[in-house]
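The block underneath contains the structure these notes are about, expressed in C-alpha cells.
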Amino acid sequence: MVSPPTNRDMVQHGTTLAVDGTCLPVKIFYGHVNWLVETGVDAIFLPRLISTSPREYICPKFMGLPDMIAAAFPGQYCFITPLVNLSCSSRLLRKELERVGNLLGASPRQTRLAWDEALAAQKDYQAFLLAGNWPGDYGKEPGSAVSQPAEDTHLRIGLLGHSYVIYDRVASMDAVHRLHAMGAKVLTVDMLPADRTDAQVRRFPKRMFWTSGRRILGAAWEFADMPVDGLIYITAFGCGTDSLTAELVERTVRRRSGIPQLILNIDEHTGQAGVVTRLEAFVDMARWRRGR
Amino acid sequence: MKVTFPHMGTAYIAFRALVEGLGHEAVVPPFCTQKTLNLGTRYSPESACLPLKINIGNYLEAAELGAEAIIMAGGVGPCRFGFYAYVQQEILRDLGCGMEMVILEPPASGWRQLLARIKLLTEGVSPSQIARTLWLFWEKLVACDRLEQLSLTVRPYEIEKGSTTKALYRVYRAVDRANTVDMVRKAFRDGMAELHSVPQDRNRPVLTVGLVGEIYTILEPFVNFRLQEQLGEMGVVVRRNLWLSSWILDHLVLSAFRRRREAELLRWAKPYLHHFVGGHGLESVAHSVQLAHEGVDGIIHILPFTCMPEIVAQSILPSVSEDHQLPILTVVVDEHTGMAGIRTRLEAFIDLLAGKKAVFRRCGIEEAVSGAGWTAFAGK
C-alpha cells in the first residue's frame, strides 16, 4: 500500500507530529506515515537514505528520519529500514537488501532479481523524466499525458528545487501546473543530463556533498548558459540545504548572467493567492524581457 | 598580513596565538554584540542558521579594523557548516569586501589540499616554528576548556554572585597574554588556583544540569545568553561533554579516526538513534543518555533555529526524556530570541527540577517515579 498524493490533512497532521523547526517536506513525511498508520498497515517501509551517490549525502534529516518517525509513533509499529549508503561498499547494500528480503520471506535469489527489476524501472523512469516528461504521467498511455505548450511560442522557465518539493503539488503549491497554465515551458533538474550538470558543478571550489544541492547548482548554471528566460527556485521553509544552495545559486547566476530569478519559500501557511500573484508577475516580466 | 577569524567562545585566545606564531598580525573581531548580529543578519541569507550570520558580523567588524584575511573551518558534510566559508566568501565578494579566506578543510578531504590552502599563512615560516605555534595553540585551547570546566563547578557555590565569572575572565586574559607553552602552563596552574580560591559555600544544595546541543550555541556566550553563567548563578552545576578542544581535534585533525569515537556514541544512543546525522546530532542524543546515567537532574538542549542535525536530536529526545524520567528543555535560538524569554524558561525549568528533587528527597525514588510523589507534590 502506498500513501496517496499529499493533501492538506496530511500537512495538518505532520505539522502537529513534528517538532516546530522541521522543514515542510519532513512534516509532510510525518503526515504520510500517519496516514499509513491510521489506515492500519502491518509494517512501514522506510529506508534510511544516507547517501545515494558516493561521498555525498541527501541531508542530515534523511539520515535520522527512521529514528525521528520511530520516536513519534512509539512502540507498536514495525518499520523496515534498510540502510542505503553507497559511500560504503556494495556488499553492505546487498546485505541490507537480503535482510529486508528475508523479513518479507524472500530468498536471496528472489531479492536479487527484484532489485535488478527495481533498478531497471528506476532507469526507465529517469529516462522518461530526461525526455521532458512529468512524474505524474509515468506509466500512462502516451496520448493521455499532460502536454506542455509548444516550445517555439513560449517562455522557458528553469525550475529548481528538491524533487520532493517541485513534484509535490502541496509542497510546491502546484507551481508546475500554474506555470503551464500561464503558457510557460517548464524545465526541471531531471530534464538535464547528469554529465552536463556535473561538468558545471565541477567549477565550484568545493566538492558539493549534497546530492540534490549538487544537481541544483549544476542545473542552475546550465540553465543560465542555455539560457532560459527565468529561473524559479522553490524551497521549503526550514530546508537547511536549500538555505545555502539557493544563496549560492542566486549570487552566482546573477553575476554570470542577467536572467531573472524568483525564490519561492513555501511553508504550511503559504496562501495560494500569494504564490499565484508572484508567479504571474514573474512570468509577465520574463515575457516582457523576451519580447524586448 | 592582518588575519582575523570568527568568534566562538574562547577560541580567539588560541587563534590569536596561532596567527601571531605564524608571523601575522591577529585582528580579533570585537566581541559579539547586537551590532554584530544586526550586520550579520542584514547581509546573510534569511534562512541560514544563526552561526553563519554572526560570522559575517564578525568579519565585517574585523574588516573595519583592517583585517585582510580570514581563517575559517570547513567540513565534509552533511551539516551546512561545510559550506559556510564558501557562501560567506560569495557574500563578502558581493559586498566588495576584498578579504582573502583561508579555509581549513578537514584532512579527510585531502592533506595536500589542506597544505595548499594554508600556504598563504605559512609561507616563509620554518617547520619548527609552525610546530611550536601549533603546540602553543593546542595548550591554550585545552587550558581555556579546563578552566571553563572548573568554573562550572565553582560558580553555583560562590558566595558573591559574579565572582567566579570575574575570576574566570581574569584568568582567560592571563592565558591570552602567555606567549610560550611554559607561560600558558603557569597561567593555567595559577588560574585553577584562583578559581578554587573563589569564596564558596560548599554546603549549599545545588542541582546538576547536562548541557547538550549544537557546538556553536553551546560555546558562544552571546548567542546562548550566557547560559552557563545564568545557570551557575541560579545554583546549578552545568555538565557537558562537548568542548572546543575536542571539537577541533575531532573535526579538523582526527576526522579520519571518527569511526571509533562514533561507535562509542552509537552505543549510548541506542535504541534512539542508529546513525551519525552530521554536526552534533548524534552527540546530543548519546550525551543525553550518558548524562542521564550519570544522574543529572535535567538536560538543556540548545540549537540554532533550523539546525538540521539538532532537529533530528530534538525529535528523538522526548523518548529519552520519558524512558529516563528526565526533564529536557529545548532552547532554540535565532536573531529574534530575547533574553527575557530565555530567562523565564530557564527559571521555570530550574524550579521544576528543584521541585522534582524535593519530592524525591521527601518520599523516595519509587514513589516519585510511580507518580505518587508528584501527585502529593502537586496537591500541596
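If you're wondering about the labels, chains in the C-alpha cells are A, B, ... by order shown, residues count from 1 in each chain, ligands from 1 in order shown.
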For chain A, which residues have at least one atom within 9 Å of chain B, if we go by only C-alpha atoms? Write them as a ChimeraX atom specification, please. /A:18-23,50,55-72,74,205-210,237-248,251-252
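The environment of Ile157 (chain A) within 7 Å, counting only C-alpha atoms and disregarding residues fewer than 6 places along the same chain, consists of Ala184, Lys185, Val186, Leu187, Val228, Asp229, Gly230 and Leu231 of chain A.
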Mind checking DSSP for region 123-257 of chain A and telling me the strand (DSSP E or B) residues as an MDAnalysis selection string? chainID A and resid 155:160 184:188 210 230:236
Could you give me the residues within region 63-241 of chain A that DSSP places in helix (DSSP H, G or I), as a short mmCIF file (atom, residue, chain, number, x, y, z; two decimals) with C-alpha atoms, in the first residue's frame?
data_model
loop_
_atom_site.label_atom_id
_atom_site.label_comp_id
_atom_site.auth_asym_id
_atom_site.auth_seq_id
_atom_site.Cartn_x
_atom_site.Cartn_y
_atom_site.Cartn_z
CA MET A 63 19.80 10.14 7.89
CA GLY A 64 17.83 10.30 11.10
CA LEU A 65 14.33 10.06 9.65
CA PRO A 66 13.59 6.44 10.67
CA ASP A 67 14.55 7.31 14.26
CA MET A 68 12.53 10.52 14.23
CA ILE A 69 9.49 8.62 12.97
CA ALA A 70 10.02 5.83 15.49
CA ALA A 71 10.05 8.44 18.27
CA ALA A 72 6.81 9.98 17.01
CA SER A 90 28.27 -2.56 -2.39
CA ARG A 91 28.42 -5.56 -0.06
CA LEU A 92 26.66 -3.52 2.62
CA LEU A 93 23.79 -2.74 0.29
CA ARG A 94 23.47 -6.38 -0.74
CA LYS A 95 23.45 -7.47 2.88
CA GLU A 96 20.79 -4.93 3.74
CA LEU A 97 18.65 -5.96 0.79
CA GLU A 98 18.91 -9.59 1.79
CA ARG A 99 17.91 -8.67 5.32
CA VAL A 100 14.80 -6.92 4.03
CA GLY A 101 14.06 -9.79 1.63
CA ASN A 102 14.40 -12.22 4.49
CA LEU A 103 11.99 -10.18 6.58
CA PRO A 108 18.37 -14.10 -1.60
CA ARG A 109 17.89 -15.05 -5.24
CA GLN A 110 14.40 -13.58 -5.35
CA THR A 111 15.69 -10.44 -3.65
CA ARG A 112 18.45 -10.06 -6.21
CA LEU A 113 16.01 -10.42 -9.07
CA ALA A 114 13.63 -7.93 -7.51
CA TRP A 115 16.49 -5.49 -7.02
CA ASP A 116 17.55 -5.79 -10.66
CA GLU A 117 13.98 -5.20 -11.71
CA ALA A 118 13.75 -2.15 -9.45
CA LEU A 119 16.95 -0.72 -10.88
CA ALA A 120 15.68 -1.20 -14.41
CA ALA A 121 12.42 0.53 -13.51
CA GLN A 122 14.31 3.43 -11.93
CA LYS A 123 16.47 3.78 -15.03
CA ASP A 124 13.41 3.75 -17.23
CA TYR A 125 11.75 6.38 -15.05
CA GLN A 126 14.80 8.65 -15.13
CA ALA A 127 14.98 8.34 -18.91
CA PHE A 128 11.30 9.24 -19.02
CA LEU A 129 11.95 12.42 -16.99
CA LEU A 130 15.04 13.25 -19.01
CA PRO A 135 6.44 12.14 -12.93
CA GLY A 136 2.64 12.11 -12.78
CA ASP A 137 2.49 10.96 -16.39
CA PRO A 142 1.47 8.16 -24.35
CA GLY A 143 -1.51 10.15 -25.64
CA SER A 144 -3.03 10.89 -22.26
CA SER A 163 12.26 16.64 -6.40
CA TYR A 164 10.11 16.00 -3.33
CA VAL A 165 9.17 19.68 -3.36
CA ILE A 166 8.69 20.59 -7.01
CA ALA A 175 3.65 25.74 -9.25
CA VAL A 176 4.30 23.48 -12.24
CA HIS A 177 0.67 23.36 -13.34
CA ARG A 178 0.21 27.04 -12.74
CA LEU A 179 3.24 27.83 -14.89
CA HIS A 180 1.93 25.54 -17.62
CA ALA A 181 -1.40 27.32 -17.47
CA VAL A 189 16.72 19.47 -12.98
CA ASP A 190 15.73 15.96 -14.08
CA MET A 191 15.38 17.07 -17.69
CA ALA A 194 23.69 14.35 -15.39
CA ASP A 195 27.01 14.78 -17.20
CA ARG A 196 26.15 18.35 -18.15
CA THR A 197 25.18 19.38 -14.62
CA ASP A 198 28.21 17.52 -13.26
CA ALA A 199 30.53 19.36 -15.61
CA GLN A 200 29.02 22.66 -14.47
CA VAL A 201 29.22 21.97 -10.75
CA THR A 211 23.26 15.12 -3.82
CA SER A 212 20.37 17.37 -4.71
CA GLY A 213 22.31 20.53 -3.94
CA ARG A 214 24.90 19.34 -6.44
CA ARG A 215 22.26 18.72 -9.07
CA ILE A 216 20.53 22.01 -8.39
CA LEU A 217 23.67 24.15 -8.51
CA GLY A 218 24.82 22.40 -11.70
CA ALA A 219 21.39 22.80 -13.26
CA ALA A 220 21.21 26.47 -12.32
CA TRP A 221 24.48 27.19 -14.11
CA GLU A 222 23.42 25.05 -17.06
CA PHE A 223 20.11 26.93 -17.26
CA ALA A 224 21.99 30.21 -17.07
CA ASP A 225 24.17 29.15 -20.00
CA GLY A 240 18.73 23.63 5.61
CA THR A 241 20.45 22.62 2.42
#
| So which residues touch Ile218 (chain B) within 9 Å, counting only C-alpha atoms, skipping near sequence neighbours fewer than 3 positions away, as JSON, numbers by chain? | {"B": [9, 211, 212, 213, 214, 215, 221, 223, 224, 227, 228, 242, 243, 302, 303]}
Discussion item. Just want the 10 Å neighbourhood of Ala354 (chain B), counted on only C-alpha atoms, with same-chain residues fewer than 5 positions away dropped. Output as a list in words.
Written reply: Pro205, Val206, Leu207, Asp297, Gly298, Ala348, Phe349, Val359 and Phe360 of chain B
Would you list the contacts of Cys32 (chain B) as a list in words, taking every protein, DNA or RNA residue within 8 Å and counting only C-alpha atoms, but skipping same-chain residues closer than 6 positions in sequence?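 Close residues of Cys32 (chain B): His7, Ile54, Asn58 and Phe222 of chain B.
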inquiry  = For a test of reading the model, state the distance in Å between CA of Gln149 (chain B) and CA of Phe31 (chain B), rounded to one decimal.
reply    =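 Between CA of Gln149 (chain B) and CA of Phe31 (chain B) the gap works out to 21.1 Å.
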* Asked: Do you know which residues are at most 10 Å from Ala43 (chain A) counting only C-alpha atoms, after dropping those on the same chain fewer than 6 positions away, and could you put them as JSON, numbers by chain?
  -> {"A": [36, 37, 76, 77, 78, 79, 80]}
Would you work out the distance separating CA of Pro327 (chain B) from CA of Leu150 (chain B), expressed in Å to one decimal?
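Atom-to-atom, CA of Pro327 (chain B) to CA of Leu150 (chain B), that is 24.7 Å.
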